[in-house]
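Chemist: Okay, so here is data.tsv, and as you'll see once you scroll down, it has TSV, C-alpha atoms.
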chain	number	residue	atom	x	y	z
A	1	MET	CA	58.19	55.35	-58.39
A	2	GLN	CA	57.98	52.63	-55.87
A	3	SER	CA	59.32	53.06	-52.41
A	4	ALA	CA	61.96	50.75	-50.98
A	5	ARG	CA	59.38	49.28	-48.66
A	6	SER	CA	57.00	48.33	-51.48
A	7	ILE	CA	59.89	46.79	-53.48
A	8	ALA	CA	60.90	44.64	-50.48
A	9	ALA	CA	57.29	43.54	-50.03
A	10	ALA	CA	57.02	42.57	-53.71
A	11	GLU	CA	60.26	40.50	-53.63
A	12	SER	CA	59.54	38.73	-50.31
A	13	PRO	CA	56.80	36.11	-50.24
A	14	LYS	CA	55.85	37.06	-46.67
A	15	ASP	CA	55.61	40.30	-44.78
A	16	ALA	CA	58.16	41.67	-42.36
A	17	ARG	CA	56.25	40.50	-39.26
A	18	GLY	CA	57.85	37.02	-39.28
A	19	VAL	CA	55.36	34.76	-41.06
A	20	LEU	CA	58.17	33.12	-43.04
A	21	PRO	CA	60.25	32.32	-39.91
A	22	VAL	CA	57.15	30.83	-38.20
A	23	MET	CA	56.56	28.53	-41.19
A	24	SER	CA	60.21	27.46	-41.12
A	25	ILE	CA	60.05	26.62	-37.43
A	26	PHE	CA	56.81	24.61	-37.98
A	27	ALA	CA	58.39	22.59	-40.80
A	28	ALA	CA	61.52	21.89	-38.71
A	29	SER	CA	59.34	20.76	-35.78
A	30	LEU	CA	57.51	18.28	-38.00
A	31	ALA	CA	60.76	16.87	-39.32
A	32	LEU	CA	62.19	16.43	-35.84
A	33	ALA	CA	59.00	14.92	-34.40
A	34	ALA	CA	59.83	11.60	-36.06
A	35	CYS	CA	63.16	11.52	-34.17
A	36	ASN	CA	61.76	10.82	-30.70
A	37	PRO	CA	64.71	9.48	-28.69
A	38	ALA	CA	62.42	8.29	-25.86
A	39	ALA	CA	60.66	5.68	-28.02
A	40	PRO	CA	62.71	2.63	-29.02
A	41	PRO	CA	62.93	1.90	-32.72
A	42	PRO	CA	60.56	-0.77	-34.02
A	43	VAL	CA	62.12	-4.23	-34.02
A	44	ALA	CA	61.17	-6.86	-36.56
A	45	ALA	CA	60.00	-10.09	-34.98
A	46	ALA	CA	62.54	-12.86	-35.28
A	47	PRO	CA	61.26	-15.80	-37.30
A	48	VAL	CA	60.32	-18.78	-35.17
A	49	PRO	CA	62.29	-21.80	-36.35
A	50	LEU	CA	60.09	-24.73	-37.25
A	51	ALA	CA	61.19	-28.00	-35.82
A	52	ALA	CA	61.27	-30.75	-38.38
A	53	PRO	CA	59.23	-33.75	-37.36
A	54	GLU	CA	61.27	-36.65	-36.09
A	55	PRO	CA	61.55	-39.40	-38.72
A	56	PRO	CA	59.93	-42.72	-37.88
A	57	ALA	CA	62.18	-45.16	-36.07
A	58	PRO	CA	63.15	-48.19	-38.16
A	59	GLY	CA	61.95	-50.64	-35.51
A	60	VAL	CA	62.36	-54.22	-36.75
A	61	VAL	CA	63.50	-52.97	-40.18
A	62	GLY	CA	66.66	-51.68	-38.48
A	63	SER	CA	67.34	-55.08	-36.90
A	64	ALA	CA	68.74	-58.26	-38.44
A	65	VAL	CA	65.49	-58.76	-40.39
A	66	GLY	CA	66.07	-55.63	-42.46
A	67	ARG	CA	69.83	-55.92	-42.98
A	68	GLU	CA	69.50	-57.29	-46.48
A	69	LEU	CA	67.21	-54.47	-47.66
A	70	ASP	CA	68.60	-51.60	-49.71
A	71	GLU	CA	67.78	-48.00	-48.72
A	72	LYS	CA	64.67	-47.69	-50.95
A	73	ASP	CA	63.26	-50.97	-49.66
A	74	LYS	CA	63.96	-49.92	-46.06
A	75	ALA	CA	62.18	-46.61	-46.65
A	76	ALA	CA	59.11	-48.42	-48.05
A	77	ALA	CA	59.13	-50.89	-45.13
A	78	VAL	CA	59.46	-48.16	-42.48
A	79	ALA	CA	56.69	-46.05	-44.06
A	80	ALA	CA	54.29	-49.01	-44.16
A	81	GLN	CA	55.25	-50.02	-40.63
A	82	GLN	CA	54.52	-46.50	-39.35
A	83	ALA	CA	51.19	-46.39	-41.23
A	84	ALA	CA	50.13	-49.76	-39.78
A	85	ILE	CA	51.08	-48.77	-36.25
A	86	SER	CA	49.34	-45.38	-36.49
A	87	SER	CA	46.12	-46.72	-38.02
A	88	GLY	CA	45.95	-50.06	-36.20
A	89	ALA	CA	45.23	-51.73	-39.56
A	90	PRO	CA	47.46	-54.25	-41.39
A	91	LYS	CA	49.61	-52.82	-44.19
A	92	THR	CA	51.70	-54.25	-47.00
A	93	TRP	CA	54.65	-52.84	-48.92
A	94	LYS	CA	56.70	-53.78	-51.96
A	95	GLY	CA	60.23	-52.62	-52.58
A	96	GLY	CA	61.96	-51.95	-55.87
A	97	HIS	CA	64.14	-55.07	-55.83
A	98	GLY	CA	61.61	-57.81	-55.17
A	99	ALA	CA	61.45	-57.49	-51.37
A	100	TYR	CA	58.01	-57.07	-49.82
A	101	GLY	CA	56.38	-57.34	-46.44
A	102	PHE	CA	53.32	-57.37	-44.22
A	103	ILE	CA	52.82	-55.52	-40.97
A	104	THR	CA	50.14	-56.68	-38.52
A	105	PRO	CA	49.58	-54.33	-35.57
A	106	GLY	CA	48.04	-55.63	-32.39
A	107	PRO	CA	45.40	-53.87	-30.29
A	108	GLU	CA	46.31	-50.79	-28.30
A	109	ASN	CA	47.06	-51.49	-24.66
A	110	GLY	CA	44.84	-48.90	-22.97
A	111	ALA	CA	46.88	-48.45	-19.79
A	112	ALA	CA	50.29	-48.01	-21.40
A	113	GLY	CA	49.20	-46.51	-24.73
A	114	CYS	CA	51.34	-49.02	-26.63
A	115	ARG	CA	50.74	-51.76	-29.19
A	116	ASP	CA	52.78	-54.71	-30.35
A	117	TYR	CA	53.24	-55.45	-34.05
A	118	THR	CA	54.60	-58.20	-36.27
A	119	HIS	CA	56.54	-57.38	-39.44
A	120	LYS	CA	57.11	-60.21	-41.92
A	121	ILE	CA	59.61	-59.39	-44.67
A	122	TYR	CA	60.24	-61.54	-47.75
A	123	ILE	CA	63.67	-61.23	-49.33
A	124	ASN	CA	64.40	-63.48	-52.31
A	125	GLY	CA	61.23	-65.39	-51.43
A	126	ARG	CA	62.45	-66.22	-47.92
A	127	PRO	CA	60.28	-64.95	-45.07
A	128	GLN	CA	61.83	-63.28	-42.05
A	129	GLU	CA	59.67	-62.21	-39.14
A	130	ALA	CA	60.25	-59.91	-36.21
A	131	LYS	CA	58.10	-58.41	-33.50
A	132	GLY	CA	58.23	-54.90	-32.12
A	133	GLN	CA	56.33	-52.37	-30.06
A	134	ALA	CA	55.18	-48.79	-30.57
A	135	CYS	CA	53.75	-46.32	-28.06
A	136	LYS	CA	51.75	-43.12	-28.32
A	137	SER	CA	53.74	-39.93	-28.02
A	138	GLY	CA	51.33	-37.01	-27.98
A	139	ASP	CA	49.05	-37.49	-30.96
A	140	SER	CA	51.41	-39.76	-32.92
A	141	TRP	CA	52.93	-43.21	-32.54
A	142	ARG	CA	56.65	-43.87	-32.05
A	143	VAL	CA	58.32	-47.23	-32.57
A	144	THR	CA	60.14	-48.26	-29.40
A	145	SER	CA	61.46	-51.63	-30.58
In structure tokens, how does this file's structure come out?
Modeler:
Amino acid sequence: MQSARSIAAAESPKDARGVLPVMSIFAASLALAACNPAAPPPVAAAPVPLAAPEPPAPGVVGSAVGRELDEKDKAAAVAAQQAAISSGAPKTWKGGHGAYGFITPGPENGAAGCRDYTHKIYINGRPQEAKGQACKSGDSWRVTS
């Protein structure tokens, strides 16, 4: 027959000297190690909002010369005007309702960083002309008048 001590040893996975309690304490220590109250929790970086680029100013298209243009024609005129001013090269545009135009930029004024331009718009075959100015703002050009 088996003694009571040998039966207890067979039923228990560890001996009576405390190996099982030591393992339990080790496992509990590992679980609690992740709960360090001294270290702040990680914070996700907030997304940096991207600023939308400022739309080109209408310049002379927004004046009396461009009053008879519809929105699509104005958009085409402003885009060509901005391209001409930025590149320093003449540009043309044609709207969806028969309007069209020519933009002729002048030379850049070195001291002020500005250039004058002429925008001739034809509406119903009648030419209308206006003059404006654009200046450098950083690495782009902005219409000032």
Chemist: I'd like to know which of A:Thr118, A:Thr104, A:Asn109, A:Gln128 is closest to Gly88 in chain A, using all atoms listed in the file.
Modeler: A:Thr104
Chemist: So which residues touch Ala80 in chain A within 9 Å, counting all atoms listed in the file, skipping near sequence neighbours fewer than 3 positions away, as number ranges by chain?
Modeler: A: 75-77, 83-85, 91-93, 101-103
Chemist: Report the distance between CA of Gly125 in chain A and CA of Asp70 in chain A in Å, rounded to one decimal place.
Modeler: 15.7 Å
Chemist: Could you tell me how far CA of Tyr117 in chain A sits from CA of Tyr100 in chain A, in Å to one decimal place?
Modeler: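 Going from CA of Tyr100 in chain A over to CA of Tyr117 in chain A, I get 16.6 Å.
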Chemist: Between CA of Gly66 in chain A and CA of Pro90 in chain A, what is the spacing in Å?
Modeler: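 Those two atoms sit 18.7 Å apart.
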